[in-house]
Protein chains: 2
Amino acid sequence: MSRPQPASQHTVRRHNSALVLDAIAEAPGSSRAAVAARTGLTKATVSSLVDRMIGADLVAEGEAQARSGPGRRGTALHLSPTGPHGLGVEIGVDYLATCLVDLTGRVRARWLRPSDNRSSSPARVLAKVATAVRTAAKQDVPIGGVGVAVPGLVEVAGGSLRVAPNLGWREVDVRGELTRRMTLDVPVLVGNEANLAALAELWHGDVAADFLHISGEIGIGAGIVVGGALFEGVSGFGGEIGHLSVDPRGPQCACGSRGCLERLAGQDEIVRAAGVSGVDELLAGLAAGDRTATAAVRSAARWLGVALSGAVNLLDLPTVVLGGTYARLEPWLQEPLHAELDRRVVSAEWSPVRVVASSLGAEAAVRGAATTAVRAILADPDPYVTTALT
Amino acid sequence: MSRPQPASQHTVRRHNSALVLDAIAEAPGSSRAAVAARTGLTKATVSSLVDRMIGADLVAEGEAQARSGPGRRGTALHLSPTGPHGLGVEIGVDYLATCLVDLTGRVRARWLRPSDNRSSSPARVLAKVATAVRTAAKQDVPIGGVGVAVPGLVEVAGGSLRVAPNLGWREVDVRGELTRRMTLDVPVLVGNEANLAALAELWHGDVAADFLHISGEIGIGAGIVVGGALFEGVSGFGGEIGHLSVDPRGPQCACGSRGCLERLAGQDEIVRAAGVSGVDELLAGLAAGDRTATAAVRSAARWLGVALSGAVNLLDLPTVVLGGTYARLEPWLQEPLHAELDRRVVSAEWSPVRVVASSLGAEAAVRGAATTAVRAILADPDPYVTTALT
DNA sequence: TCCAATAAGTTTGATGCCTGAACTTATCGC
DNA sequence: GCGATAAGTTCAGGCATCAAACTTATTGGA
């Protein structure tokens with residue numbers, strides 16, 4: 001835990017810079033005067049801070065605003081489209097995905113290349129990632145930071161991967177390795193895939209500031225967002241929901257425990273129980289009203305409901321977002337899942353839990369990784385501004 | 001959610017005042033110079049801030065420190081014993097407990113009076129509480145705030161009680177009512193009993209900054225502390241662990257669900273399964289090696305383990321604190337509980353979950369309530385200082 | 001066409017808080 | 001008693017905000 005820092009005037013400017021930038025991001029096209037009203041700062045202060053940030057190319061002026069009444073027209077402000085960009089990389093089991101976003105989070109470019117990462121050594125894969133980063137950096141936009149999404153437990157503070165079962169990796173210093181290999185002097189952030197997907201949902205989806213995002217591909221991962229911030233737990237391992245025990249006397253799981261959620265409601269189990277070869281076939285079966293497929297999904301939904309009701313009770317969350325494969329199954333999950341939630345969630349009486357499908361699809365994690373990189377600048381622009389102005 | 005506030009010089013002083021006060025609280029008897037070194041502020045700044053706080057009687061000077069080498073001796077600083085005190089009240093099912101603590105959290109006085117709150121109306125009970133507050137305020141120490149612990153779901157921001165099943169209360173504006181009835185102009189904070197007990201453990205117990213505190217009296221409640229702060233969830237209803245489903249096909253619970261933790265590991269169930277009349281008899285049986293009693297406790301421990309492993313996985317917590325009745329049963333819970341935790345917690349491999357008994361006993365909640373009131377002043381002393389100096 | 005009203009944005013002086021350095025006070029060991 | 005050392009205070013300097021006056025731009029009516 002970091003010792004609290006003393007504050008000085010510099011801290012004030014730092015805080016207010018972020019405040020102003022946030023106001024501009026929330027209401028693009030605002031004038032300085034509007035930002036002042038919104039933030040509670042004076043026009044003078046806003047002018048001074050905005051000028052600094054224009055100098056660092058974080059903010060750009062647009063043309064004068066149209067207005068109805070009399071008075072001088074304000075100059076529109078927005079996040080600069082030529083400002084620092086965020087580069088996201090996702091290390092999947094059998095692919096590498098890359099994504100470049102601008103300050104507003106809009107996707108500017110995107111790559112996807114197959115890569116069998118399971119059978120390669122971490123060093124080889126990270127070399128590929130570094131190449132991908134260098135390629136992406138060749139676009140003529142400045143890179144402000146790199147975000148990396150990995151399917152495993154990440155020690156967030158150190159940016160190192162503890163274990164990624166589906167990659168067969170252990171103790172890989174992703175941040176260190178990558179910082180060394182890519183010839184680019186920007187911060188590298190490493191995060192768990194599910195957590196970054198949840199952040200993407202927060203920033204680009206249409207849910208509020210508090211929810212649990214659950215996605216099931218090969219494993220089941222959850223990202224918990226509380227008060228508009230990711231809940232990471234003490235060392236960043238929060239949201240491990242896959243091996244939550246939903247049926248203590250249930251079938252043996254690979255992890256050594258019994259009746260884990262992943263074992264009972266994971267994609268593998270659904271596909272197996274439905275007697276199909278993959279998710280596409282499963283969806284076809286569901287659409288055709290196949291009894292076995294429907295029963296398999298309903299069963300998974302009920303176990304999901306047990307696990308999610310526990311999480312919701314513990315964390316007091318109003319919304320559950322279904323991501324990944326679950327998003328595709330949403331129409332069939334909805335009803336049996338809700339039945340369990342309504343029954344088991346204590347506060348459901350006052351405020352029933354909302355269940356929605358993610359609108360972002362498979363790209364959520366890369367996008368989250370890329371946006372995290374630029375969000376880090378928006379959340380504390382002053383260091384960036386200071387270096388940019390020298 | 002409150003809109004972020006602009007910062008000014010005043011914010012700086014506010015922040016640094018809290019920083020200085022925290023340093024003094026953490027290392028009582030430090031000199032100004034030591035505080036400066038600890039906080040990273042200059043001696044000049046610390047002097048100025050400390051003088052203000054001495055003026056408001058938050059800090060007091062002790063005698064000069066002993067020292068080994070040459071040089072002027074520093075004057076010891078500590079939280080003023082005559083400064084504002086916190087008054088805690090706990091509304092139990094059949095008692096009212098009151099507790100007065102000074103700035104350091106030390107208990108200065110304490111009352112306990114039986115009161116059948118279940119069969120009284122909220123208004124009558126709160127009138128009694130107001131009387132208790134007035135009585136306690138007659139001590140010749142200034143009261144800086146009142147904390148109230150209630151066994152139910154509390155909307156923290158508004159200080160109002162949504163529901164308290166064991167009291168049979170619903171929608172009671174505890175803060176409003178009490179503020180009106182007690183003739184004392186200080187802030188009133190209302191919190192859930194389990195959450196306040198967890199805070200007491202944080203401040204007065206011997207555990208670190210991250211843990212889950214679980215206590216089982218009539219219901220089972222948990223307080224979650226992450227990074228030295230209470231995790232309250234979106235509306236303050238976090239930590240509802242009692243109706244976590246640990247055996248989805250298990251026995252029917254009063255709440256409508258099945259296999260809830262409270263139903264399988266609550267005090268009532270343990271006592272019932274052991275065939276005894278109460279906890280004291282149960283403990284006697286355990287000490288005597290009674291087979292039925294031991295089996296009853298072991299069974300409860302295993303269900304507790306299932307629930308706690310889920311919570312620990314989700315929240316990534318290193319420690320579980322057993323409070324209330326569970327603290328008394330700790331020697332018999334420890335082994336079967338650990339067996340489940342080691343098996344089911346994903347990160348147990350790196351860092352096994354620690355399970356410890358609370359050292360605070362039944363008084364945890366009142367103490368937490370009282371200390372919360374003074375902690376609010378310590379966490380942001382400037383408003384108090386400003387009013388005290390005028 | 002000009003001018004009052006209105007609003008955006010800038011300039012300027014005051015204020016408050018922190019900092020660094022010089023200074024005063026207190027203590028130890030010789 | 002004197003030099004070394006450390007605590008605590010004083011004071012000028014810097015910096016960021018604020019309030020208020022001022023400049024600039026625009027509308028709409030006389």
# chains A, B, ... in the order shown; residues from 1 in each chain; ligands from 1
>>> residues_around(residues="A:Ala44", least_positions_apart="3", cutoff="12 Å", atoms="only C-alpha atoms (C1' of nucleotides)", output="ChimeraX atom specification")
/A:32-33,35-37,40-41,47-51 /C:8-12 /D:16-20
>>> select_by_dssp(residues="stretch 34-247 of chain B", states="strand (DSSP E)", output="count of residues only")
74
>>> interface_residues(of="chain B", to="chain D", cutoff="9 Å", atoms="only C-alpha atoms (C1' of nucleotides)", output="mmCIF file with C-alpha atoms, in the first residue's frame")
data_model
loop_
_atom_site.group_PDB
_atom_site.id
_atom_site.type_symbol
_atom_site.label_atom_id
_atom_site.label_comp_id
_atom_site.auth_asym_id
_atom_site.auth_seq_id
_atom_site.Cartn_x
_atom_site.Cartn_y
_atom_site.Cartn_z
ATOM 1 C CA ALA B 7 -9.596 21.866 -5.617
ATOM 2 C CA SER B 8 -8.070 25.063 -4.269
ATOM 3 C CA GLN B 9 -5.403 25.962 -1.703
ATOM 4 C CA SER B 31 7.723 15.480 17.434
ATOM 5 C CA ARG B 32 6.834 17.987 14.745
ATOM 6 C CA ALA B 33 10.098 17.130 13.029
ATOM 7 C CA LYS B 43 8.809 21.363 9.268
ATOM 8 C CA ALA B 44 7.338 24.794 8.653
ATOM 9 C CA SER B 47 4.282 23.481 12.634
ATOM 10 C CA GLY B 69 22.321 12.062 21.347
ATOM 11 C CA PRO B 70 22.836 15.801 21.363
ATOM 12 C CA GLY B 71 20.342 18.379 20.123
ATOM 13 C CA ARG B 72 17.166 19.945 21.302
ATOM 14 C CA ARG B 73 14.479 17.514 22.382
ATOM 15 C CA GLY B 74 11.249 17.370 20.445
ATOM 16 C CA THR B 75 7.908 18.010 22.066
#
>>> closest_atom_pairs(of="chain A", to="chain B", cutoff="8 Å", atoms="only C-alpha atoms", output="CSV")
residue,atom,partner,partner_atom,distance
A:Met1,CA,B:Gly227,CA,7.7
A:Pro4,CA,B:Leu19,CA,7.4
A:Gln5,CA,B:Thr39,CA,7.2
A:Pro6,CA,B:Asn16,CA,6.1
A:Ala7,CA,B:Val12,CA,5.5
A:Ser8,CA,B:Val12,CA,6.0
A:Gln9,CA,B:Gln9,CA,6.5
A:Thr11,CA,B:Val12,CA,7.8
A:Val12,CA,B:Ala7,CA,5.5
A:Arg13,CA,B:Ala7,CA,7.9
A:His15,CA,B:Ala7,CA,6.7
A:Asn16,CA,B:Pro6,CA,6.0
A:Leu19,CA,B:Pro6,CA,7.2
A:Thr39,CA,B:Pro6,CA,6.5
A:Gly40,CA,B:Pro6,CA,6.2
A:Leu41,CA,B:Pro6,CA,6.2
A:Asp210,CA,B:Val234,CA,7.1
A:Val226,CA,B:Val234,CA,6.8
A:Gly227,CA,B:Val234,CA,6.9
A:Glu232,CA,B:Leu315,CA,7.6
A:Gly233,CA,B:Asp316,CA,5.0
A:Val234,CA,B:Asp316,CA,5.9
A:Ser235,CA,B:Asp316,CA,7.2
A:Gly236,CA,B:Asp316,CA,7.5
A:Phe237,CA,B:Asp316,CA,5.6
A:Gly238,CA,B:Leu315,CA,4.8
A:Gly239,CA,B:Leu314,CA,4.5
A:Glu240,CA,B:Leu314,CA,5.0
A:Ile241,CA,B:Leu314,CA,5.9
A:His243,CA,B:Val346,CA,7.2
A:Leu244,CA,B:Gly310,CA,5.1
A:Ser245,CA,B:Gly310,CA,6.6
A:Val246,CA,B:Val246,CA,6.6
A:Asp247,CA,B:Asp247,CA,6.0
A:Pro248,CA,B:Asp247,CA,6.7
A:Gly256,CA,B:Arg343,CA,6.7
A:Ser257,CA,B:Arg344,CA,5.5
A:Val306,CA,B:Ser245,CA,6.8
A:Ser309,CA,B:Leu244,CA,7.4
A:Gly310,CA,B:Leu244,CA,5.1
A:Ala311,CA,B:Leu314,CA,7.4
A:Asn313,CA,B:Glu240,CA,5.2
A:Leu314,CA,B:Gly239,CA,4.5
A:Leu315,CA,B:Gly238,CA,4.9
A:Asp316,CA,B:Gly238,CA,4.9
A:Leu317,CA,B:Val234,CA,6.4
A:Arg343,CA,B:Ser257,CA,5.8
A:Arg344,CA,B:Ser257,CA,5.5
A:Val345,CA,B:His243,CA,7.9
A:Val346,CA,B:His243,CA,7.2
>>> interface_residues(of="chain C", to="chain A", cutoff="7 Å", atoms="only C-alpha atoms (C1' of nucleotides)", output="tab-separated table (two decimals) with C-alpha atoms (C1' of nucleotides), in the first residue's frame")
chain	number	residue	atom	x	y	z
C	6	DT	C1'	-25.30	39.96	-23.39
C	7	DA	C1'	-22.04	36.47	-23.05
C	8	DA	C1'	-17.12	34.38	-23.87
C	18	DC	C1'	3.56	25.31	0.78
>>> residues_around(residues="A:Val366", least_positions_apart="5", cutoff="6 Å", atoms="only C-alpha atoms (C1' of nucleotides)", output="ChimeraX atom specification")
/A:88-90
>>> write_last_selection(atoms="C-alpha atoms", output="PDB file, in the first residue's frame")
ATOM      1  CA  GLY A  88      -4.417  -2.388 -26.838  1.00  0.00           C
ATOM      2  CA  VAL A  89      -3.166  -5.916 -27.310  1.00  0.00           C
ATOM      3  CA  GLU A  90      -4.979  -9.076 -26.360  1.00  0.00           C
TER       4      GLU A  90
END
>>> select_by_dssp(residues="stretch 14-218 of chain A", states="helix (DSSP H, G or I)", output="PyMOL selection string")
chain A and resi 14-26+32-39+43-55+122-137+174-181+193-204
>>> atom_distance(atom1="atom CA of A:Val146", atom2="atom CA of A:Tyr384")
14.5 Å
>>> atom_distance(atom1="atom CA of B:Leu87", atom2="atom CA of B:Val154")
18.8 Å
>>> residues_around(residues="stretch 26-29 of chain A", least_positions_apart="3", cutoff="6 Å", atoms="only C-alpha atoms (C1' of nucleotides)", output="list in words")
Ala23, Ala76, Leu77 and His78 of chain A
>>> atom_distance(atom1="atom CA of B:Ser30", atom2="atom CA of B:Ser68")
15.3 Å
